[in-house]
>>> print(open('my_file_26.txt').read())   # compact mmCIF, C-alpha atoms and all ligand atoms
# COMPACT_ATOMS: atom_id res chain seq x y z
CA MET U 2 -6.07 9.37 -13.62
CA ASN U 3 -2.80 7.64 -14.42
CA ALA U 4 -2.27 4.18 -15.94
CA PRO U 5 -4.85 1.90 -17.40
CA VAL U 6 -6.61 -1.07 -15.84
CA GLN U 7 -7.77 -3.45 -18.59
CA SER U 8 -11.07 -4.71 -17.25
CA SER U 9 -14.15 -2.55 -17.53
CA ASN U 10 -15.83 -1.94 -14.20
CA LEU U 11 -19.27 -2.10 -15.68
CA THR U 12 -18.88 -5.46 -17.32
CA ASP U 13 -16.82 -7.58 -14.93
CA ALA U 14 -18.66 -9.89 -12.55
CA PHE U 15 -17.37 -8.10 -9.46
CA ALA U 16 -18.42 -4.58 -10.45
CA LEU U 17 -21.27 -4.46 -7.96
CA PRO U 18 -19.43 -5.81 -4.88
CA ARG U 19 -16.59 -3.43 -5.73
CA LEU U 20 -18.95 -0.47 -5.86
CA ARG U 21 -20.49 -1.54 -2.53
CA MET U 22 -17.00 -1.73 -1.02
CA VAL U 23 -16.27 1.82 -2.16
CA GLU U 24 -19.62 3.09 -0.86
CA LYS U 25 -18.83 1.63 2.55
CA LEU U 26 -15.40 3.28 2.55
CA LYS U 27 -17.11 6.58 1.90
CA ASP U 28 -20.24 6.35 4.04
CA PHE U 29 -19.10 4.22 6.98
CA TYR U 30 -15.34 4.83 7.17
CA ARG U 31 -15.58 8.47 6.04
CA ILE U 32 -12.83 8.23 3.42
CA ALA U 33 -13.04 11.57 1.62
CA ASP U 34 -10.21 11.30 -0.92
CA GLU U 35 -12.18 10.98 -4.16
CA ARG U 36 -9.13 9.98 -6.16
CA ALA U 37 -8.36 7.11 -3.78
CA LEU U 38 -12.00 5.98 -3.92
CA GLU U 39 -12.06 6.16 -7.71
CA ALA U 40 -8.85 4.13 -7.89
CA MET U 41 -10.31 1.46 -5.61
CA ASN U 42 -13.38 1.31 -7.81
CA ARG U 43 -11.12 0.57 -10.77
CA VAL U 44 -8.65 -1.99 -9.43
CA PRO U 45 -9.98 -5.58 -9.75
CA ARG U 46 -9.16 -6.64 -6.18
CA HIS U 47 -10.36 -10.21 -6.82
CA LEU U 48 -7.35 -10.78 -9.09
CA PHE U 49 -4.97 -10.04 -6.19
CA VAL U 50 -6.22 -12.84 -3.92
CA PRO U 51 -5.88 -16.64 -4.34
CA GLU U 52 -8.45 -18.00 -6.78
CA ALA U 53 -10.17 -20.12 -4.12
CA ILE U 54 -11.18 -17.03 -2.13
CA GLN U 55 -11.96 -14.64 -4.99
CA SER U 56 -15.57 -14.41 -3.89
CA GLN U 57 -14.41 -12.83 -0.62
CA ALA U 58 -12.19 -10.23 -2.27
CA TYR U 59 -14.53 -7.27 -1.67
CA LYS U 60 -15.31 -8.06 1.95
CA ASP U 61 -14.31 -5.68 4.69
CA ASN U 62 -11.25 -7.60 5.91
CA ALA U 63 -7.67 -8.62 5.20
CA LEU U 64 -7.23 -11.99 3.44
CA PRO U 65 -4.39 -14.51 3.29
CA ILE U 66 -2.17 -14.50 0.19
CA SER U 67 0.85 -16.80 -0.24
CA ALA U 68 3.98 -17.04 1.92
CA GLY U 69 1.99 -16.45 5.13
CA GLN U 70 1.30 -12.81 4.20
CA THR U 71 -1.95 -10.89 3.83
CA ILE U 72 -3.64 -8.49 1.44
CA SER U 73 -4.58 -5.48 3.58
CA GLN U 74 -8.19 -4.68 4.48
CA PRO U 75 -9.72 -2.27 1.92
CA TYR U 76 -10.27 0.34 4.63
CA ILE U 77 -6.57 0.32 5.55
CA VAL U 78 -5.56 0.68 1.89
CA ALA U 79 -7.93 3.63 1.50
CA ARG U 80 -6.86 5.25 4.78
CA MET U 81 -3.12 4.96 4.13
CA THR U 82 -3.55 6.30 0.60
CA GLU U 83 -5.66 9.20 1.86
CA LEU U 84 -3.13 10.08 4.58
CA LEU U 85 -0.42 10.56 1.94
CA GLU U 86 -2.52 13.36 0.32
CA LEU U 87 -1.40 12.45 -3.20
CA LYS U 88 -2.41 14.78 -6.02
CA GLY U 89 -1.05 12.91 -9.05
CA LYS U 90 2.51 14.12 -9.62
CA GLU U 91 4.28 12.26 -6.82
CA ARG U 92 6.97 9.58 -6.83
CA VAL U 93 6.05 7.12 -4.09
CA LEU U 94 8.10 4.43 -2.37
CA GLU U 95 6.10 1.42 -1.19
CA VAL U 96 7.63 -1.08 1.26
CA GLY U 97 5.89 -4.48 1.16
CA SER U 98 4.30 -5.05 -2.27
CA GLY U 99 2.54 -8.21 -1.03
CA SER U 100 -0.23 -8.97 -3.50
CA GLY U 101 0.40 -5.71 -5.37
CA TYR U 102 -3.10 -4.39 -4.63
CA GLN U 103 -1.99 -1.28 -2.73
CA THR U 104 0.69 -0.79 -5.39
CA ALA U 105 -2.03 -0.63 -8.08
CA VAL U 106 -4.05 1.92 -6.08
CA LEU U 107 -0.95 4.08 -5.59
CA ALA U 108 -0.05 3.80 -9.27
CA LEU U 109 -3.45 5.24 -10.19
CA VAL U 110 -3.22 8.23 -7.85
CA ALA U 111 0.48 9.10 -8.16
CA ARG U 112 2.89 9.47 -11.07
CA LYS U 113 5.35 6.70 -10.28
CA VAL U 114 5.60 3.93 -7.68
CA PHE U 115 8.77 2.21 -6.50
CA SER U 116 7.71 -0.99 -4.77
CA VAL U 117 10.03 -3.16 -2.65
CA GLU U 118 9.14 -6.66 -1.41
CA ARG U 119 11.42 -9.02 0.53
CA ILE U 120 9.79 -12.31 -0.52
CA PRO U 121 10.80 -13.13 -4.13
CA GLU U 122 7.69 -15.19 -4.93
CA LEU U 123 5.35 -12.33 -3.92
CA ALA U 124 7.43 -9.73 -5.75
CA ALA U 125 7.34 -11.82 -8.95
CA ASN U 126 3.58 -12.43 -8.75
CA ALA U 127 2.79 -8.78 -8.07
CA LYS U 128 4.99 -7.65 -10.94
CA SER U 129 3.49 -9.99 -13.53
CA LEU U 130 -0.11 -9.21 -12.52
CA LEU U 131 0.43 -5.45 -12.53
CA LEU U 132 2.15 -5.55 -15.92
CA TRP U 133 -0.66 -7.72 -17.28
CA LEU U 134 -3.19 -5.16 -16.00
CA GLY U 135 -1.40 -2.53 -18.04
CA PHE U 136 0.54 -0.58 -15.39
CA ARG U 137 3.70 0.99 -16.77
CA ASN U 138 4.55 3.40 -13.97
CA ILE U 139 5.79 0.92 -11.34
CA SER U 140 9.36 -0.25 -10.62
CA PHE U 141 9.82 -3.44 -8.59
CA LYS U 142 12.67 -4.65 -6.42
CA THR U 143 13.15 -7.72 -4.22
CA ALA U 144 15.05 -6.47 -1.18
CA ASP U 145 14.82 -5.28 2.41
CA GLY U 146 12.64 -2.19 2.01
CA THR U 147 13.58 -0.79 5.42
CA GLU U 148 16.73 0.43 3.64
CA GLY U 149 14.54 2.36 1.16
CA TRP U 150 15.61 2.58 -2.47
CA GLU U 151 18.57 4.94 -2.40
CA SER U 152 19.17 5.24 -6.15
CA TYR U 153 15.68 6.66 -6.77
CA ALA U 154 15.49 8.83 -3.64
CA PRO U 155 14.23 11.31 -2.60
CA PHE U 156 10.53 10.37 -2.66
CA ASP U 157 7.49 12.60 -2.24
CA ALA U 158 5.77 9.93 -0.16
CA VAL U 159 6.48 6.57 1.46
CA LEU U 160 3.95 3.86 2.36
CA VAL U 161 5.05 0.97 4.59
CA ALA U 162 2.61 -1.98 4.51
CA ALA U 163 4.12 -3.98 7.39
CA GLY U 164 4.50 -3.15 11.09
CA GLY U 165 7.88 -2.29 12.61
CA PRO U 166 9.17 -1.49 16.11
CA GLU U 167 10.36 1.98 15.10
CA ILE U 168 10.51 4.42 12.20
CA PRO U 169 13.30 3.25 9.85
CA LYS U 170 15.80 6.11 9.55
CA PRO U 171 16.69 5.49 5.87
CA LEU U 172 13.03 5.96 4.94
CA VAL U 173 12.87 9.37 6.65
CA ASP U 174 16.17 10.34 5.03
CA GLN U 175 14.81 9.41 1.61
CA LEU U 176 11.74 11.69 1.93
CA ILE U 177 11.71 15.22 0.52
CA VAL U 178 11.17 18.01 3.04
CA GLY U 179 7.38 18.24 3.40
CA GLY U 180 7.02 14.64 2.19
CA LYS U 181 4.83 12.21 4.10
CA MET U 182 5.23 8.60 5.17
CA VAL U 183 2.59 6.30 6.64
CA ILE U 184 3.80 3.34 8.66
CA PRO U 185 2.38 1.01 11.32
CA ILE U 186 4.54 1.16 14.47
CA GLY U 187 4.21 -1.06 17.51
CA SER U 188 6.28 -2.65 20.25
CA ASP U 189 4.69 -6.05 19.70
CA GLN U 190 4.56 -7.80 16.36
CA LYS U 191 0.78 -8.18 16.12
CA SER U 192 -0.67 -4.75 16.72
CA GLN U 193 0.45 -1.27 15.87
CA ILE U 194 -0.52 2.38 15.68
CA LEU U 195 -0.72 3.85 12.21
CA VAL U 196 1.72 6.75 12.23
CA ARG U 197 2.04 9.58 9.72
CA VAL U 198 5.47 11.14 9.53
CA THR U 199 6.08 14.48 7.82
CA ARG U 200 9.69 15.30 7.00
CA THR U 201 10.76 18.78 8.14
CA GLU U 202 13.95 20.84 7.58
CA THR U 203 15.37 19.66 10.87
CA GLY U 204 13.86 16.21 11.40
CA PHE U 205 10.28 15.00 11.29
CA MET U 206 6.84 15.46 12.80
CA LYS U 207 4.71 12.51 13.90
CA GLU U 208 0.93 12.05 14.09
CA ASP U 209 -0.91 9.03 15.49
CA CYS U 210 -3.72 7.90 13.21
CA GLY U 211 -5.26 5.06 15.22
CA PRO U 212 -4.72 1.36 15.92
CA CYS U 213 -4.09 -1.22 13.20
CA ALA U 214 -2.76 -4.77 12.74
CA PHE U 215 -0.18 -5.62 10.09
CA VAL U 216 2.21 -8.50 9.41
CA PRO U 217 5.73 -7.76 10.74
CA LEU U 218 8.21 -5.57 8.92
CA ILE U 219 11.30 -7.76 8.81
CA GLY U 220 14.67 -6.24 8.05
CA GLU U 221 17.67 -4.23 9.14
CA HIS U 222 15.48 -1.38 10.47
CA GLY U 223 12.51 -3.60 11.37
CA TRP U 224 12.12 -6.83 13.31
CA GLY U 225 14.88 -9.47 13.25
CA GLU U 226 14.78 -12.20 10.62
CA ASN U 227 13.94 -15.15 12.91
CA LYS U 228 11.33 -13.51 15.16
CA LYS U 229 7.76 -14.63 14.60
N1 LIG U 301 -0.45 -3.85 0.86
C1 LIG U 301 -0.08 -5.24 0.70
C2 LIG U 301 0.27 -5.78 2.05
C3 LIG U 301 1.09 -6.98 2.04
S1 LIG U 301 1.52 -7.61 3.60
C4 LIG U 301 -1.26 -5.95 0.10
O1 LIG U 301 -2.37 -5.42 0.27
O2 LIG U 301 -1.13 -7.00 -0.51
C5 LIG U 301 3.08 -6.84 3.86
C6 LIG U 301 4.19 -7.26 2.96
O3 LIG U 301 5.38 -6.67 3.47
C7 LIG U 301 4.45 -8.77 2.92
O4 LIG U 301 4.39 -9.21 1.61
C8 LIG U 301 5.89 -8.90 3.48
O5 LIG U 301 6.65 -9.92 2.85
C9 LIG U 301 6.46 -7.52 3.18
N2 LIG U 301 7.60 -7.12 3.98
C10 LIG U 301 7.85 -7.31 5.30
N3 LIG U 301 9.02 -6.77 5.64
C11 LIG U 301 9.55 -6.21 4.51
C12 LIG U 301 10.76 -5.51 4.22
N4 LIG U 301 11.68 -5.23 5.15
N5 LIG U 301 10.95 -5.09 2.95
C13 LIG U 301 10.05 -5.35 1.98
N6 LIG U 301 8.90 -6.02 2.19
C14 LIG U 301 8.64 -6.44 3.45
>>> encode(input="my_file_26.txt", output="C-alpha cells")
Amino acid sequence: MNAPVQSSNLTDAFALPRLRMVEKLKDFYRIADERALEAMNRVPRHLFVPEAIQSQAYKDNALPISAGQTISQPYIVARMTELLELKGKERVLEVGSGSGYQTAVLALVARKVFSVERIPELAANAKSLLLWLGFRNISFKTADGTEGWESYAPFDAVLVAAGGPEIPKPLVDQLIVGGKMVIPIGSDQKSQILVRVTRTETGFMKEDCGPCAFVPLIGEHGWGENKK
C-alpha cells in the first residue's frame, strides 16, 4: 500500500471502533474491495472531524465539518472508492477535498491524488493534516474543481464529492479513455443519484449506482454561486 499513516492502528484509542466500521462496510454494505477496506482501517477518521465530535467519527453517518460542509458517510467513501476500481498505479483527480478524509483513502489505494477544494479554509486544513500524517503523494489546489486540473490531465480516475446538476464536461475531457469517474448527479440540490461514468473513444458510458445525498457542487459546471 502507498504512503504512510503515522498512528498505529493497534495502539490508538479508536482502533476498535474503526475495525467495527470496516466490518460493517464488509458484512452489511457488501463492500468487496479489500484495498479500500484496508485503507479505511488505516486512516484515523477521528482526526478529520471537529474535536468536539471525535467520539462520533466512526459512526455510520456523515458529520458536519467547518464552513457548512460535511465529511461523507464511511459507506459512501468506501462505495465511491470501490466504484473507481483502483489497483495502485492510478493518478486520481478529487473534486471537493472537504476534511481530506476521502483524499487520504484515495492516496493509500492509488499512486497520486490531485485534490481540488473551493473553500480556502478547508483546503488549508486538509493539506496540513494530510502532510502531518505523512502523505507525500497528494497535490492540493484551491479552485473551482468543476474545471478539473488541466495541467495534470489526463487522469485515470475522477471522484467528485459534491452533487451537481449535470456531468461537468471538463472532467470527462480530462479522463483517459477507459478511465472512470464517480459523481453524484441530481436536479435538486439535496439528493442525487451516484453515477459512474466511463470514458470511451467517442464519448462516455453512464451507470446509475443508487441514491445518495451530498452537499452541492458549486462552480462553473455545477450549481450557481448564490444558490442554497
Ligand atoms: N469527501 C469529503 C466531502 C466533503 S463535502 C469529506 O469526506 O470530507 C464536499 C466538498 O466539496 C466541500 O468541502 C465543498 O466545499 C466542496 N466543493 C463544492 N463545490 C466544489 C467545486 N466546484 N470545486 C471544489 N470543491 C467543491
>>> residues_around(input="my_file_26.txt", residues="Ala58 in chain U", least_positions_apart="5", cutoff="9 Å", atoms="all atoms listed in the file", output="number ranges by chain")
U: 18-19, 46-50, 63-64
>>> atom_distance(input="my_file_26.txt", atom1="CA of Phe215 in chain U", atom2="CA of Tyr59 in chain U")
18.6 Å
>>> residues_around(input="my_file_26.txt", residues="Ala124 in chain U", least_positions_apart="3", cutoff="9 Å", atoms="all atoms listed in the file", output="PDB file with C-alpha atoms, keeping the file's coordinate frame")
ATOM      1  CA  GLY U  97       5.890  -4.480   1.160  1.00  0.00           C
ATOM      2  CA  SER U  98       4.300  -5.050  -2.270  1.00  0.00           C
ATOM      3  CA  GLY U  99       2.540  -8.210  -1.030  1.00  0.00           C
ATOM      4  CA  SER U 100      -0.230  -8.970  -3.500  1.00  0.00           C
ATOM      5  CA  GLY U 101       0.400  -5.710  -5.370  1.00  0.00           C
ATOM      6  CA  SER U 116       7.710  -0.990  -4.770  1.00  0.00           C
ATOM      7  CA  VAL U 117      10.030  -3.160  -2.650  1.00  0.00           C
ATOM      8  CA  GLU U 118       9.140  -6.660  -1.410  1.00  0.00           C
ATOM      9  CA  ARG U 119      11.420  -9.020   0.530  1.00  0.00           C
ATOM     10  CA  ILE U 120       9.790 -12.310  -0.520  1.00  0.00           C
ATOM     11  CA  PRO U 121      10.800 -13.130  -4.130  1.00  0.00           C
ATOM     12  CA  ALA U 127       2.790  -8.780  -8.070  1.00  0.00           C
ATOM     13  CA  LYS U 128       4.990  -7.650 -10.940  1.00  0.00           C
ATOM     14  CA  SER U 129       3.490  -9.990 -13.530  1.00  0.00           C
ATOM     15  CA  PHE U 141       9.820  -3.440  -8.590  1.00  0.00           C
ATOM     16  CA  LYS U 142      12.670  -4.650  -6.420  1.00  0.00           C
ATOM     17  CA  THR U 143      13.150  -7.720  -4.220  1.00  0.00           C
TER      18      THR U 143
END
>>> residues_around(input="my_file_26.txt", residues="Leu20 in chain U", least_positions_apart="6", cutoff="12 Å", atoms="only C-alpha atoms", output="VMD selection string")
chain U and resid 10 to 11 13 to 14 26 to 27 38 to 46 59 to 60
>>> closest_atom_pairs(input="my_file_26.txt", of="range 152-192 of chain U", to="range 207-212 of chain U", cutoff="10 Å", atoms="only C-alpha atoms", output="JSON lines")
{"residue": "U:Lys181", "atom": "CA", "partner": "U:Lys207", "partner_atom": "CA", "distance": 9.8}
{"residue": "U:Met182", "atom": "CA", "partner": "U:Lys207", "partner_atom": "CA", "distance": 9.6}
{"residue": "U:Val183", "atom": "CA", "partner": "U:Cys210", "partner_atom": "CA", "distance": 9.2}
{"residue": "U:Ile184", "atom": "CA", "partner": "U:Cys210", "partner_atom": "CA", "distance": 9.9}
{"residue": "U:Pro185", "atom": "CA", "partner": "U:Pro212", "partner_atom": "CA", "distance": 8.5}
{"residue": "U:Ile186", "atom": "CA", "partner": "U:Pro212", "partner_atom": "CA", "distance": 9.4}
{"residue": "U:Gly187", "atom": "CA", "partner": "U:Pro212", "partner_atom": "CA", "distance": 9.4}
{"residue": "U:Ser192", "atom": "CA", "partner": "U:Pro212", "partner_atom": "CA", "distance": 7.4}
>>> write_last_selection(input="my_file_26.txt", atoms="C-alpha atoms", output="PDB file, keeping the file's coordinate frame")
ATOM      1  CA  LYS U 181       4.830  12.210   4.100  1.00  0.00           C
ATOM      2  CA  MET U 182       5.230   8.600   5.170  1.00  0.00           C
ATOM      3  CA  VAL U 183       2.590   6.300   6.640  1.00  0.00           C
ATOM      4  CA  ILE U 184       3.800   3.340   8.660  1.00  0.00           C
ATOM      5  CA  PRO U 185       2.380   1.010  11.320  1.00  0.00           C
ATOM      6  CA  ILE U 186       4.540   1.160  14.470  1.00  0.00           C
ATOM      7  CA  GLY U 187       4.210  -1.060  17.510  1.00  0.00           C
ATOM      8  CA  SER U 192      -0.670  -4.750  16.720  1.00  0.00           C
TER       9      SER U 192
END
>>> closest_residue(input="my_file_26.txt", among="U:Ser140, U:Gln55, U:Gln74, U:Ser188", to="ligand LIG 301 (chain U)", atoms="all atoms listed in the file")
U:Gln74
>>> closest_residue(input="my_file_26.txt", among="U:Ser152, U:Leu107, U:Leu123, U:Ala158", to="Ile139 in chain U", atoms="all atoms listed in the file")
U:Leu107
>>> residues_around(input="my_file_26.txt", residues="Leu172 in chain U", least_positions_apart="4", cutoff="10 Å", atoms="only C-alpha atoms", output="number ranges by chain")
U: 94, 96, 146-151, 154-156, 158-161, 168, 176, 182, 222
>>> closest_residue(input="my_file_26.txt", among="U:Gly180, U:Pro171, U:Gly89, U:Gly69", to="ligand LIG 301 (chain U)", atoms="all atoms listed in the file")
U:Gly69
>>> closest_residue(input="my_file_26.txt", among="U:Asp28, U:Asp189, U:Glu221, U:Glu86", to="ligand LIG 301 (chain U)", atoms="all atoms listed in the file")
U:Glu221
>>> closest_residue(input="my_file_26.txt", among="U:Met206, U:Val216, U:Val110, U:Leu131", to="ligand LIG 301 (chain U)", atoms="all atoms listed in the file")
U:Val216
>>> closest_residue(input="my_file_26.txt", among="U:Lys113, U:Arg92, U:Arg197, U:Arg80", to="Ile177 in chain U", atoms="only C-alpha atoms")
U:Arg92
>>> atom_distance(input="my_file_26.txt", atom1="CA of Ile72 in chain U", atom2="CA of Ala162 in chain U")
9.5 Å
